[in-house]
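Inspection log for the structure reproduced underneath, given as structure tokens.
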Number of protein chains: 2
Amino acid sequence: MPRPQAIATVVSASVLVATSAFSAQKKDRQPNIILFMVDDMGWQDTSVPFWTQRTCLNNTYETPNMQRLADEGVLFTQAYASPISSPSRCSLMTGANAARHRVTNWTFRRDTMTDGTDDRLSPPDWNYNGICQTSGVPNTFVARSFVDILRENGYHTIHCGKAHWGAEHTPGEAPEHFGFEVNIAGHAAGGPATYLSERNFGHDGNGRPTAQFAIPGLRDYWGTGTFLTEALTQEALKALDKAKNYAQPFYLYMSHYAVHVPIDRDPSYFDKYRLKGLSEKEAAYASLIEGMDNSLGQILAWLDRNGERDNTIVIFMSDNGGYCTSTEWRDEPLYTQNAPLRCGKGSLLEGGIREPLIVRWPGTAQPHSRCDSYLCIEDFFPTILEMAQVGRYRAPQTIDGRSFVPLIKGKADGSAKRPLIWNYPHIWGNTGPGIDLNCAIRLGDWKLIYYYKTGISELYNIRTDISEQHNLAAQQPKIVRTLARRLGKELRRMKAQRPTDKLTGLPCPWPDEVSK
Amino acid sequence: MPRPQAIATVVSASVLVATSAFSAQKKDRQPNIILFMVDDMGWQDTSVPFWTQRTCLNNTYETPNMQRLADEGVLFTQAYASPISSPSRCSLMTGANAARHRVTNWTFRRDTMTDGTDDRLSPPDWNYNGICQTSGVPNTFVARSFVDILRENGYHTIHCGKAHWGAEHTPGEAPEHFGFEVNIAGHAAGGPATYLSERNFGHDGNGRPTAQFAIPGLRDYWGTGTFLTEALTQEALKALDKAKNYAQPFYLYMSHYAVHVPIDRDPSYFDKYRLKGLSEKEAAYASLIEGMDNSLGQILAWLDRNGERDNTIVIFMSDNGGYCTSTEWRDEPLYTQNAPLRCGKGSLLEGGIREPLIVRWPGTAQPHSRCDSYLCIEDFFPTILEMAQVGRYRAPQTIDGRSFVPLIKGKADGSAKRPLIWNYPHIWGNTGPGIDLNCAIRLGDWKLIYYYKTGISELYNIRTDISEQHNLAAQQPKIVRTLARRLGKELRRMKAQRPTDKLTGLPCPWPDEVSK
């Protein structure tokens with residue numbers, strides 16, 4: 001049932017049928033597509049209300065350009081991603097659910113797990129080398145990216161910012177290996193060493209990296225006082241200026257390192273938030289947010305200035321919930337930074353997985369509209385290909401996502417009957433509510449979170465209890481059983497991985513194998 | 001007849017059949033392929049004798065690593081290219097003859113012809129924007145590169161050095177747009193601003209280009225005293241070190257800017273040649289040659305060191321004849337710099353088009369062997385795809401080239417009955433013998449050069465008169481007629497372009513339309 005449409009997915013045939021940019025009959029003018037992806041941005045880190053009511057956080061942060069986008073497009077109130085970066089981004093690129101692609105934790109060093117330790121459970125042998133377009137590298141998920149398919153179908157493809165799809169020294173480390181023709185500052189790392197050009201984005205004066213997350217490729221900005229977010233924006237605009245001449249539609253993946261830690265102060269906005277009464281830490285965070293929003297504004301202005309507004313689809317998204325688990329970067333009380341959602345990054349509670357999604361598609365999306373249907377990050381793959389009018393393509397992986405173009409168009413869909421699945425059989429390192437070796441299912445209004453270590457399930461009614469304060473598992477054993485069965489079935493179908501009990505050497509039970 | 005083999009060439013079908021890296025059954029281990037391309041290097045700019053006897057030039061230049069390659073592979077004495085860079089490189093990438101792809105002169109600025117002026121003739125409206133993988137840009141030849149096909153078939157693809165396939169601000173300006181996953185220092189320009197890192201390869205201290213041929217992407221070497229050839233080599237070796245981890249075969253296009261003007265002194269070798277008695281200009285030229293050869297040596301050593309020697313095909317080639325037309329860079333007498341060949345770069349005489357080609361293919365090419373069959377630059381496209389075991393592929397262009405893998409294997413072939421065709425309906429700017437608006441055919445031992453302006457043809461027997469000192473046109477009118485007819489037929493078949501007479505507005509006659 002979660003394979004809703006006839007999507008071309010071919011695994012092993014040696015001769016394939018393909019359409020191609022070189023040969024396909026001329027399509028209607030293909031739209032430009034911009035995916036504006038923010039890192040670690042929470043659902044409430046904006047002045048745009050994604051909930052039914054404005055919140056304190058909406059009044060704190062200032063994101064006028066997101067507001068403009070929402071005024072001109074459709075806002076999704078229930079868009080989901082994985083609780084941390086690599087799983088989300090690998091699902092984005094491949095259309096596969098994280099349970100299937102098994103890049104279920106964050107990647108960085110080759111052949112190196114990033115898991116924390118637990119006294120009772122061991123994590124599975126997951127794909128810590130990330131995704132890869134070719135086979136032969138151990139612990140990778142071999143898949144073709146939608147970007148490569150866009151490129152084959154005539155798109156000029158631009159990567160700007162964070163990549164984080166594959167470990168260092170694997171083919172997946174570089175955006176160019178996934179079909180991007182331009183790569184600005186993307187590599188294996190999942191965060192920035194620093195946002196400060198005064199620190200050469202993590203290099204010494206001789207150009208040697210001084211930090212593991214040193215940002216490549218922005219040397220022209222070293223020592224200039226240009227904040228990372230602005231440097232990326234300037235480079236993206238240069239790439240768009242070039243793209244203008246190419247007589248091709250473009251795909252721009254504007255993938256900000258913001259607002260990932262370290263939460264440096266964006267000097268253009270920091271003082272304003274201090275004057276508003278925010279602490280130094282919170283003012284810094286708010287300044288990162290507004291700097292990111294300013295980048296969005298510059299890109300929208302570029303489209304206006306160059307007559308490309310009406311032929312460009314702009315998608316705004318984040319990859320996981322806002323950071324909320326350490327006082328090193330955020331003020332107490334912890335786990336409240338995404339309120340009304342509970343907890344944040346790393347958690348399978350709503351704070352960790354619900355994202356601010358907006359789509360502006362002139363002539364197709366109703367301006368100033370909202371959509372409450374839920375969808376998930378793996379849906380972007382078929383959605384973007386449908387936007388690009390790509391009907392058939394080759395890819396070795398199974399596509400779990402389904403296109404949400406019907407939702408963008410305001411058409412009814414059956415998504416409430418579709419389960420969304422998460423699997424996080426890992427120890428992230430940071431702790432908090434819903435951050436543990438666990439998996440989850442959303443089906444209709446209900447969400448079940450199952451903890452591998454304890455065998456315990458929590459049940460929430462998301463519609464009536466968005467803050468997940470009321471665990472209804474004891475009151476609704478039938479719903480627990482139904483959802484646990486469905487979750488177990490879906491996980492097994494996708495060949496999901498489980499942690500192992502160190503004592504017994506056995507894998508933890510599936511959610512439907514316990515009686516709790 | 002010049003379409004010798006059943007090569008998959010599909011022009012307009014909208015649904016195509018393709019093999020793919022994602023799905024093809026596992027092939028025998030595909031070899032790595034290195035194409036080591038030197039710019040403007042003449043047939044005699046080496047200590048390796050490509051002629052039947054050693055020459056004075058062979059004794060002047062020192063290229064021990066080319067000698068090693070020749071000792072371990074097959075040396076081709078009659079490998080041809082176009083007389084200048086862009087036509088050769090576009091034929092290399094597309095497999096199309098220059099008469100077909102119409103990038104018949106050198107490219108640089110978008111929408112700008114680079115032709116000199118002539119009082120009587122106008123050049124045609126050629127493809128001065130170069131080649132392009134997508135349609136929509138005026139004055140381009142739309143084609144798919146063999147590099148893109150290699151990439152689709154599992155190769156990791158690395159560009160290092162000069163590109164020169166498409167004009168600035170067109171998609172063809174960037175190697176990444178032709179399937180290269182790594183691009184080191186390649187762009188639209190056909191030469192280097194300077195070889196000197198002391199001059200930041202053509203940039204000021206703020207990173208701004210100070211010359212139109214400023215070299216991109218080597219900032220780490222600015223001010224370090226690293227000569228351009230060495231900087232490119234170091235970057236290529238870094239890319240190979242990375243490629244080692246990728247579990248993919250690699251294609252490295254090691255495309256030196258050397259030995260294009262400006263003929264800067266490579267300090268590692270200059271003094272030696274001065275001590276050998278060469279003038280400053282000639283010692284500088286010899287130092288560029290040996291620096292290039294040293295780069296080859298470093299790459300061969302990398303293969304040895306990494307156990308990749310036996311699984312790597314190394315191809316050495318140049319893109320046109322040695323520069324010989326100005327005392328700004330070379331000593332007098334001019335037009336002798338490729339002796340025994342006459343003239344050099346820009347000319348359809350042998351000095352302009354005959355190239356030093358060596359192929360080392362362990363287990364396939366007989367060590368220390370020679371091949372006297374002729375072949376041409378467009379043959380590289382099908383040859384390299386055959387080396388990579390790529391049987392079928394999609395490409396919109398017609399492939400004029402034929403694989404010379406049989407020649408590498410020492411098998412007899414029918415190349416002596418195959419015509420090679422050149423078309424240069426342009427005013428280059430520099431002058432000299434055989435440099436004029438002209439076209440040519442090689443068939444068997446004979447070569448006919450036809451001049452559009454005068455309608456006159458020259459006829460040479462290349463086997464007995466490699467220096468083209470004896471124009472036999474008057475003595476052999478029948479051979480002239482036969483070759484002129486064939487040349488005219490082939491040019492028309494490929495839809496070649498001709499200059500126009502400014503007075504009459506009519507195109508110049510084809511070679512078989514004049515009675516001279």
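Numbering starts fresh at 1 for the residues of each chain in the structure tokens, the chains themselves are lettered A, B, ... in the order given, and ligands are numbered from 1 as they appear.
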B:Tyr273: which residues within 9 Å, counting only C-alpha atoms, same-chain residues fewer than 5 positions away excluded, as a list of chain:residue names?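 The residues satisfying every condition are B:Thr60, B:Tyr61, B:Leu278, B:Ser279, B:Glu280, B:Glu282, B:Ala283, B:Ala284, B:Ala286, B:Ser287.
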Would you put the residues from that selection into a file with all heavy atoms, as an mmCIF file, in the first residue's frame?
```cif
data_model
loop_
_atom_site.group_PDB
_atom_site.id
_atom_site.type_symbol
_atom_site.label_atom_id
_atom_site.label_comp_id
_atom_site.auth_asym_id
_atom_site.auth_seq_id
_atom_site.Cartn_x
_atom_site.Cartn_y
_atom_site.Cartn_z
ATOM 1 N N THR B 60 67.538 17.471 -29.209
ATOM 2 C CA THR B 60 67.458 18.707 -28.424
ATOM 3 C C THR B 60 66.582 18.529 -27.186
ATOM 4 O O THR B 60 66.968 18.879 -26.071
ATOM 5 C CB THR B 60 66.877 19.842 -29.292
ATOM 6 O OG1 THR B 60 67.761 20.048 -30.397
ATOM 7 C CG2 THR B 60 66.721 21.129 -28.486
ATOM 8 N N TYR B 61 65.393 17.986 -27.396
ATOM 9 C CA TYR B 61 64.435 17.865 -26.294
ATOM 10 C C TYR B 61 64.694 16.596 -25.493
ATOM 11 O O TYR B 61 65.205 15.610 -26.018
ATOM 12 C CB TYR B 61 62.997 17.862 -26.840
ATOM 13 C CG TYR B 61 62.678 19.119 -27.608
ATOM 14 C CD1 TYR B 61 62.397 19.082 -28.971
ATOM 15 C CD2 TYR B 61 62.722 20.356 -26.974
ATOM 16 C CE1 TYR B 61 62.130 20.242 -29.678
ATOM 17 C CE2 TYR B 61 62.454 21.527 -27.680
ATOM 18 C CZ TYR B 61 62.163 21.469 -29.034
ATOM 19 O OH TYR B 61 61.913 22.611 -29.721
ATOM 20 N N LEU B 278 71.092 26.367 -26.133
ATOM 21 C CA LEU B 278 69.873 26.917 -26.733
ATOM 22 C C LEU B 278 69.718 28.392 -26.374
ATOM 23 O O LEU B 278 70.181 28.847 -25.317
ATOM 24 C CB LEU B 278 68.643 26.144 -26.242
ATOM 25 C CG LEU B 278 68.247 24.909 -27.072
ATOM 26 C CD1 LEU B 278 69.334 23.854 -27.045
ATOM 27 C CD2 LEU B 278 66.920 24.346 -26.565
ATOM 28 N N SER B 279 69.067 29.130 -27.250
ATOM 29 C CA SER B 279 68.753 30.533 -26.972
ATOM 30 C C SER B 279 67.761 30.609 -25.818
ATOM 31 O O SER B 279 67.175 29.599 -25.417
ATOM 32 C CB SER B 279 68.130 31.170 -28.212
ATOM 33 O OG SER B 279 66.818 30.665 -28.388
ATOM 34 N N GLU B 280 67.558 31.790 -25.309
ATOM 35 C CA GLU B 280 66.604 31.935 -24.199
ATOM 36 C C GLU B 280 65.207 31.458 -24.593
ATOM 37 O O GLU B 280 64.545 30.748 -23.840
ATOM 38 C CB GLU B 280 66.565 33.398 -23.737
ATOM 39 C CG GLU B 280 67.865 33.847 -23.114
ATOM 40 C CD GLU B 280 67.681 34.984 -22.111
ATOM 41 O OE1 GLU B 280 66.622 35.651 -22.169
ATOM 42 O OE2 GLU B 280 68.586 35.199 -21.279
ATOM 43 N N GLU B 282 64.350 29.359 -27.021
ATOM 44 C CA GLU B 282 64.291 27.919 -27.293
ATOM 45 C C GLU B 282 64.518 27.109 -26.012
ATOM 46 O O GLU B 282 63.948 26.029 -25.846
ATOM 47 C CB GLU B 282 65.295 27.535 -28.377
ATOM 48 C CG GLU B 282 64.959 28.119 -29.754
ATOM 49 C CD GLU B 282 63.591 27.672 -30.272
ATOM 50 O OE1 GLU B 282 63.232 26.504 -30.083
ATOM 51 O OE2 GLU B 282 62.866 28.525 -30.844
ATOM 52 N N ALA B 283 65.346 27.636 -25.114
ATOM 53 C CA ALA B 283 65.534 26.951 -23.827
ATOM 54 C C ALA B 283 64.236 26.981 -23.020
ATOM 55 O O ALA B 283 63.880 26.015 -22.333
ATOM 56 C CB ALA B 283 66.670 27.584 -23.038
ATOM 57 N N ALA B 284 63.521 28.093 -23.107
ATOM 58 C CA ALA B 284 62.233 28.174 -22.410
ATOM 59 C C ALA B 284 61.266 27.137 -22.982
ATOM 60 O O ALA B 284 60.589 26.412 -22.240
ATOM 61 C CB ALA B 284 61.660 29.584 -22.547
ATOM 62 N N ALA B 286 62.005 24.358 -24.555
ATOM 63 C CA ALA B 286 62.459 23.015 -24.159
ATOM 64 C C ALA B 286 62.129 22.732 -22.691
ATOM 65 O O ALA B 286 61.818 21.602 -22.316
ATOM 66 C CB ALA B 286 63.957 22.881 -24.405
ATOM 67 N N SER B 287 62.179 23.772 -21.857
ATOM 68 C CA SER B 287 61.862 23.577 -20.438
ATOM 69 C C SER B 287 60.375 23.277 -20.247
ATOM 70 O O SER B 287 59.994 22.474 -19.389
ATOM 71 C CB SER B 287 62.286 24.798 -19.610
ATOM 72 O OG SER B 287 61.368 25.875 -19.740
#
```
Residues within 8 Å of B:Leu69, only C-alpha atoms, excluding chain neighbours under 3 positions, as a PDB file with all heavy atoms, in the first residue's frame:
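Full text of selection_34.pdb as output:
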```pdb
ATOM      1  N   ASN B  65      60.222  10.192 -20.027  1.00  0.00           N
ATOM      2  CA  ASN B  65      59.008   9.475 -19.656  1.00  0.00           C
ATOM      3  C   ASN B  65      58.162   9.117 -20.871  1.00  0.00           C
ATOM      4  O   ASN B  65      57.520   8.066 -20.892  1.00  0.00           O
ATOM      5  CB  ASN B  65      58.222  10.290 -18.628  1.00  0.00           C
ATOM      6  CG  ASN B  65      59.014  10.432 -17.345  1.00  0.00           C
ATOM      7  OD1 ASN B  65      59.240   9.454 -16.641  1.00  0.00           O
ATOM      8  ND2 ASN B  65      59.513  11.641 -17.078  1.00  0.00           N
ATOM      9  N   MET B  66      58.177   9.971 -21.869  1.00  0.00           N
ATOM     10  CA  MET B  66      57.563   9.573 -23.136  1.00  0.00           C
ATOM     11  C   MET B  66      58.304   8.361 -23.705  1.00  0.00           C
ATOM     12  O   MET B  66      57.701   7.458 -24.282  1.00  0.00           O
ATOM     13  CB  MET B  66      57.619  10.720 -24.150  1.00  0.00           C
ATOM     14  CG  MET B  66      56.602  11.816 -23.934  1.00  0.00           C
ATOM     15  SD  MET B  66      56.708  13.082 -25.235  1.00  0.00           S
ATOM     16  CE  MET B  66      56.112  12.167 -26.676  1.00  0.00           C
ATOM     17  N   GLU B  72      57.073   0.824 -23.595  1.00  0.00           N
ATOM     18  CA  GLU B  72      56.098  -0.096 -23.004  1.00  0.00           C
ATOM     19  C   GLU B  72      54.787  -0.149 -23.792  1.00  0.00           C
ATOM     20  O   GLU B  72      53.837  -0.823 -23.362  1.00  0.00           O
ATOM     21  CB  GLU B  72      55.822   0.318 -21.555  1.00  0.00           C
ATOM     22  CG  GLU B  72      57.083   0.248 -20.689  1.00  0.00           C
ATOM     23  CD  GLU B  72      56.904   0.773 -19.266  1.00  0.00           C
ATOM     24  OE1 GLU B  72      55.835   1.324 -18.950  1.00  0.00           O
ATOM     25  OE2 GLU B  72      57.851   0.626 -18.479  1.00  0.00           O
ATOM     26  N   GLY B  73      54.717   0.559 -24.897  1.00  0.00           N
ATOM     27  CA  GLY B  73      53.470   0.590 -25.642  1.00  0.00           C
ATOM     28  C   GLY B  73      53.695   0.700 -27.131  1.00  0.00           C
ATOM     29  O   GLY B  73      54.780   0.397 -27.629  1.00  0.00           O
ATOM     30  N   ILE B 358      51.086   7.960 -28.457  1.00  0.00           N
ATOM     31  CA  ILE B 358      51.592   6.707 -27.878  1.00  0.00           C
ATOM     32  C   ILE B 358      50.463   6.110 -27.046  1.00  0.00           C
ATOM     33  O   ILE B 358      49.762   6.847 -26.333  1.00  0.00           O
ATOM     34  CB  ILE B 358      52.804   6.955 -26.953  1.00  0.00           C
ATOM     35  CG1 ILE B 358      53.916   7.726 -27.684  1.00  0.00           C
ATOM     36  CG2 ILE B 358      53.356   5.630 -26.422  1.00  0.00           C
ATOM     37  CD1 ILE B 358      55.048   8.189 -26.757  1.00  0.00           C
ATOM     38  N   VAL B 359      50.298   4.803 -27.115  1.00  0.00           N
ATOM     39  CA  VAL B 359      49.299   4.125 -26.281  1.00  0.00           C
ATOM     40  C   VAL B 359      49.978   2.988 -25.524  1.00  0.00           C
ATOM     41  O   VAL B 359      50.564   2.091 -26.140  1.00  0.00           O
ATOM     42  CB  VAL B 359      48.145   3.552 -27.130  1.00  0.00           C
ATOM     43  CG1 VAL B 359      47.157   2.806 -26.231  1.00  0.00           C
ATOM     44  CG2 VAL B 359      47.437   4.662 -27.904  1.00  0.00           C
ATOM     45  N   ARG B 360      49.903   3.055 -24.207  1.00  0.00           N
ATOM     46  CA  ARG B 360      50.370   1.932 -23.388  1.00  0.00           C
ATOM     47  C   ARG B 360      49.156   1.201 -22.833  1.00  0.00           C
ATOM     48  O   ARG B 360      48.355   1.795 -22.121  1.00  0.00           O
ATOM     49  CB  ARG B 360      51.241   2.426 -22.229  1.00  0.00           C
ATOM     50  CG  ARG B 360      51.852   1.251 -21.445  1.00  0.00           C
ATOM     51  CD  ARG B 360      52.728   1.720 -20.315  1.00  0.00           C
ATOM     52  NE  ARG B 360      51.953   2.051 -19.129  1.00  0.00           N
ATOM     53  CZ  ARG B 360      52.487   2.394 -17.943  1.00  0.00           C
ATOM     54  NH1 ARG B 360      53.807   2.474 -17.819  1.00  0.00           N
ATOM     55  NH2 ARG B 360      51.714   2.677 -16.923  1.00  0.00           N
TER      56      ARG B 360
END
```
Quick one: of A:Pro249, A:Asp125, A:Val74, A:Ser86, who's nearest to A:Gly172, counting only C-alpha atoms?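 Answer, going by the shortest atom-to-atom distance: A:Ser86.
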Contacts of stretch 368-378 of chain B at 6 Å or less, counting only C-alpha atoms, minus same-chain residues fewer than 4 places along, as a PyMOL selection string? chain B and resi 70-81+91-92+95-96+401
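The residues of stretch 188-226 of chain B that DSSP classifies as helix (DSSP H, G or I), using the backbone of this structure, are Ser197, Glu198, Arg199, Arg219, Asp220 and Tyr221 of chain B.
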Excluding stretch 473-477 of chain A and its own-chain neighbours fewer than 2 positions away, which residues fall within 12 Å of it when counting only C-alpha atoms? Please give them as a count of residues only. 22
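When only C-alpha atoms are used to measure the gap to chain B, the shortest distance among A:Cys132, A:Leu385, A:Met93, A:Leu196 belongs to A:Cys132.
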Could you give me, as a compact mmCIF listing (two decimals) with all heavy atoms, in the first residue's frame, the residues within 9 Å of B:Gly321, counting only C-alpha atoms and dropping anything in the same chain fewer than 5 positions from it?
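Okay, part21.txt is ready:
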```
# COMPACT_ATOMS: atom_id res chain seq x y z
N ASP B 39 49.17 20.51 -25.15
CA ASP B 39 48.67 21.56 -26.02
C ASP B 39 49.77 22.08 -26.94
O ASP B 39 50.88 22.39 -26.47
CB ASP B 39 48.13 22.71 -25.15
CG ASP B 39 47.15 23.57 -25.92
OD1 ASP B 39 46.40 23.01 -26.74
OD2 ASP B 39 47.14 24.79 -25.71
N ASP B 40 49.46 22.18 -28.21
CA ASP B 40 50.39 22.80 -29.17
C ASP B 40 51.75 22.10 -29.22
O ASP B 40 52.76 22.73 -29.55
CB ASP B 40 50.63 24.29 -28.84
CG ASP B 40 49.44 25.16 -29.19
OD1 ASP B 40 48.41 24.61 -29.59
OD2 ASP B 40 49.56 26.39 -29.05
N MET B 41 51.79 20.82 -28.90
CA MET B 41 53.06 20.11 -28.96
C MET B 41 53.27 19.52 -30.34
O MET B 41 52.40 18.82 -30.87
CB MET B 41 53.08 18.98 -27.92
CG MET B 41 54.39 18.19 -27.93
SD MET B 41 54.28 16.73 -26.88
CE MET B 41 55.84 15.95 -27.26
N GLY B 42 54.43 19.78 -30.91
CA GLY B 42 54.71 19.28 -32.25
C GLY B 42 55.19 17.83 -32.23
O GLY B 42 55.55 17.27 -31.19
N TRP B 43 55.18 17.26 -33.42
CA TRP B 43 55.50 15.84 -33.63
C TRP B 43 56.95 15.54 -33.28
O TRP B 43 57.31 14.40 -32.99
CB TRP B 43 55.23 15.53 -35.10
CG TRP B 43 55.21 14.11 -35.53
CD1 TRP B 43 54.41 13.12 -35.07
CD2 TRP B 43 56.01 13.53 -36.57
NE1 TRP B 43 54.65 11.96 -35.76
CE2 TRP B 43 55.64 12.18 -36.70
CE3 TRP B 43 57.01 14.03 -37.43
CZ2 TRP B 43 56.20 11.32 -37.63
CZ3 TRP B 43 57.58 13.18 -38.36
CH2 TRP B 43 57.19 11.82 -38.46
N ALA B 81 45.41 15.42 -36.06
CA ALA B 81 44.39 16.23 -35.40
C ALA B 81 44.08 17.40 -36.31
O ALA B 81 44.58 17.49 -37.43
CB ALA B 81 44.88 16.70 -34.04
N SER B 82 43.25 18.33 -35.82
CA SER B 82 43.01 19.56 -36.55
C SER B 82 44.19 20.51 -36.35
O SER B 82 45.00 20.30 -35.45
CB SER B 82 41.72 20.23 -36.06
OG SER B 82 40.59 19.48 -36.44
N PRO B 83 44.28 21.54 -37.17
CA PRO B 83 45.46 22.42 -37.06
C PRO B 83 45.43 23.38 -35.88
O PRO B 83 46.44 24.01 -35.59
CB PRO B 83 45.48 23.17 -38.40
CG PRO B 83 44.06 23.15 -38.87
CD PRO B 83 43.49 21.85 -38.37
N ILE B 84 44.27 23.54 -35.24
CA ILE B 84 44.23 24.36 -34.02
C ILE B 84 43.37 23.65 -32.97
O ILE B 84 42.76 22.62 -33.24
CB ILE B 84 43.74 25.80 -34.26
CG1 ILE B 84 42.30 25.78 -34.77
CG2 ILE B 84 44.66 26.57 -35.21
CD1 ILE B 84 41.67 27.15 -34.71
N ASN B 338 58.92 22.10 -36.72
CA ASN B 338 58.44 20.73 -36.67
C ASN B 338 59.15 19.84 -37.70
O ASN B 338 58.63 18.78 -38.06
CB ASN B 338 56.93 20.69 -36.89
CG ASN B 338 56.18 21.49 -35.83
OD1 ASN B 338 56.03 21.06 -34.69
ND2 ASN B 338 55.75 22.69 -36.17
N CYS B 343 56.01 23.68 -41.69
CA CYS B 343 55.14 24.61 -40.95
C CYS B 343 54.70 23.99 -39.61
O CYS B 343 55.42 23.14 -39.05
CB CYS B 343 53.96 25.07 -41.80
SG CYS B 343 53.30 26.68 -41.24
N GLY B 344 53.58 24.45 -39.05
CA GLY B 344 53.17 23.99 -37.73
C GLY B 344 51.76 24.42 -37.44
O GLY B 344 50.93 24.53 -38.36
N LYS B 345 51.46 24.67 -36.19
CA LYS B 345 50.09 25.03 -35.76
C LYS B 345 49.42 25.99 -36.74
O LYS B 345 50.03 26.98 -37.15
CB LYS B 345 50.17 25.70 -34.38
CG LYS B 345 48.80 26.12 -33.85
CD LYS B 345 48.87 26.69 -32.44
CE LYS B 345 47.47 27.07 -31.96
NZ LYS B 345 47.45 27.57 -30.58
N GLY B 346 48.20 25.69 -37.10
CA GLY B 346 47.43 26.54 -37.99
C GLY B 346 47.45 26.10 -39.43
O GLY B 346 46.62 26.52 -40.23
N SER B 347 48.39 25.23 -39.77
CA SER B 347 48.60 24.84 -41.16
C SER B 347 48.03 23.46 -41.44
O SER B 347 48.07 22.57 -40.57
CB SER B 347 50.10 24.85 -41.47
OG SER B 347 50.33 24.34 -42.77
N GLU B 350 51.74 19.01 -42.93
CA GLU B 350 51.91 18.01 -41.87
C GLU B 350 52.33 18.62 -40.54
O GLU B 350 51.95 18.13 -39.47
CB GLU B 350 52.95 16.96 -42.31
CG GLU B 350 52.51 16.10 -43.48
CD GLU B 350 51.41 15.11 -43.14
OE1 GLU B 350 51.65 14.22 -42.31
OE2 GLU B 350 50.30 15.24 -43.72
N GLY B 351 53.13 19.68 -40.59
CA GLY B 351 53.58 20.30 -39.34
C GLY B 351 52.44 20.78 -38.46
O GLY B 351 52.59 20.90 -37.24
N GLY B 352 51.29 21.05 -39.07
CA GLY B 352 50.17 21.57 -38.30
C GLY B 352 49.25 20.51 -37.73
O GLY B 352 48.47 20.78 -36.81
N ILE B 353 49.34 19.29 -38.27
CA ILE B 353 48.29 18.32 -37.96
C ILE B 353 48.79 16.95 -37.51
O ILE B 353 48.02 16.15 -37.00
CB ILE B 353 47.34 18.13 -39.16
CG1 ILE B 353 48.13 17.74 -40.42
CG2 ILE B 353 46.52 19.40 -39.40
CD1 ILE B 353 47.26 17.49 -41.66
N ARG B 354 50.08 16.67 -37.68
CA ARG B 354 50.57 15.34 -37.29
C ARG B 354 51.04 15.39 -35.84
O ARG B 354 51.76 16.31 -35.45
CB ARG B 354 51.70 14.87 -38.20
CG ARG B 354 51.95 13.37 -38.07
CD ARG B 354 53.15 12.92 -38.86
NE ARG B 354 52.86 12.76 -40.28
CZ ARG B 354 53.40 11.80 -41.04
NH1 ARG B 354 54.25 10.93 -40.50
NH2 ARG B 354 53.13 11.75 -42.33
N GLU B 355 50.63 14.40 -35.06
CA GLU B 355 50.80 14.46 -33.60
C GLU B 355 51.54 13.26 -33.04
O GLU B 355 51.44 12.16 -33.58
CB GLU B 355 49.42 14.52 -32.92
CG GLU B 355 48.45 15.51 -33.52
CD GLU B 355 48.99 16.91 -33.54
OE1 GLU B 355 49.83 17.25 -32.69
OE2 GLU B 355 48.59 17.70 -34.43
```
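Nearest residue to chain A among B:Val147, B:Leu228, B:Ala211, B:Ala243 is B:Ala243, counting only C-alpha atoms.
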For A:Thr454, which residue among A:Ser122, A:Asn438, A:Gln397, A:Asn200 is the nearest when counting only C-alpha atoms? A:Asn438
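Candidate residues A:Ala143, A:Leu232, A:Ala416, A:Leu334 were compared for distance to chain B, and the nearest is A:Ala143, using only C-alpha atoms.
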If you count only C-alpha atoms, which residues fall within 6 Å of B:Ala188, apart from same-chain ones fewer than 5 positions away, as a PyMOL selection string? chain B and resi 108+164+166-168+173
Export of prior selection with N, CA and C atoms as an mmCIF file, in the first residue's frame:
```
data_model
loop_
_atom_site.group_PDB
_atom_site.id
_atom_site.type_symbol
_atom_site.label_atom_id
_atom_site.label_comp_id
_atom_site.auth_asym_id
_atom_site.auth_seq_id
_atom_site.Cartn_x
_atom_site.Cartn_y
_atom_site.Cartn_z
ATOM 1 N N PHE B 108 36.116 31.380 -27.763
ATOM 2 C CA PHE B 108 36.394 32.017 -26.466
ATOM 3 C C PHE B 108 35.193 32.812 -25.955
ATOM 4 N N HIS B 164 38.457 24.106 -23.221
ATOM 5 C CA HIS B 164 38.383 24.792 -24.525
ATOM 6 C C HIS B 164 37.419 24.120 -25.493
ATOM 7 N N GLY B 166 33.856 25.148 -25.306
ATOM 8 C CA GLY B 166 32.701 26.000 -25.540
ATOM 9 C C GLY B 166 32.992 27.409 -25.074
ATOM 10 N N ALA B 167 32.292 28.361 -25.657
ATOM 11 C CA ALA B 167 32.532 29.766 -25.339
ATOM 12 C C ALA B 167 32.048 30.102 -23.928
ATOM 13 N N GLU B 168 32.615 31.148 -23.403
ATOM 14 C CA GLU B 168 32.188 31.670 -22.099
ATOM 15 C C GLU B 168 30.668 31.887 -22.082
ATOM 16 N N GLU B 173 31.156 25.827 -21.550
ATOM 17 C CA GLU B 173 32.346 26.439 -20.964
ATOM 18 C C GLU B 173 32.962 25.572 -19.866
#
```
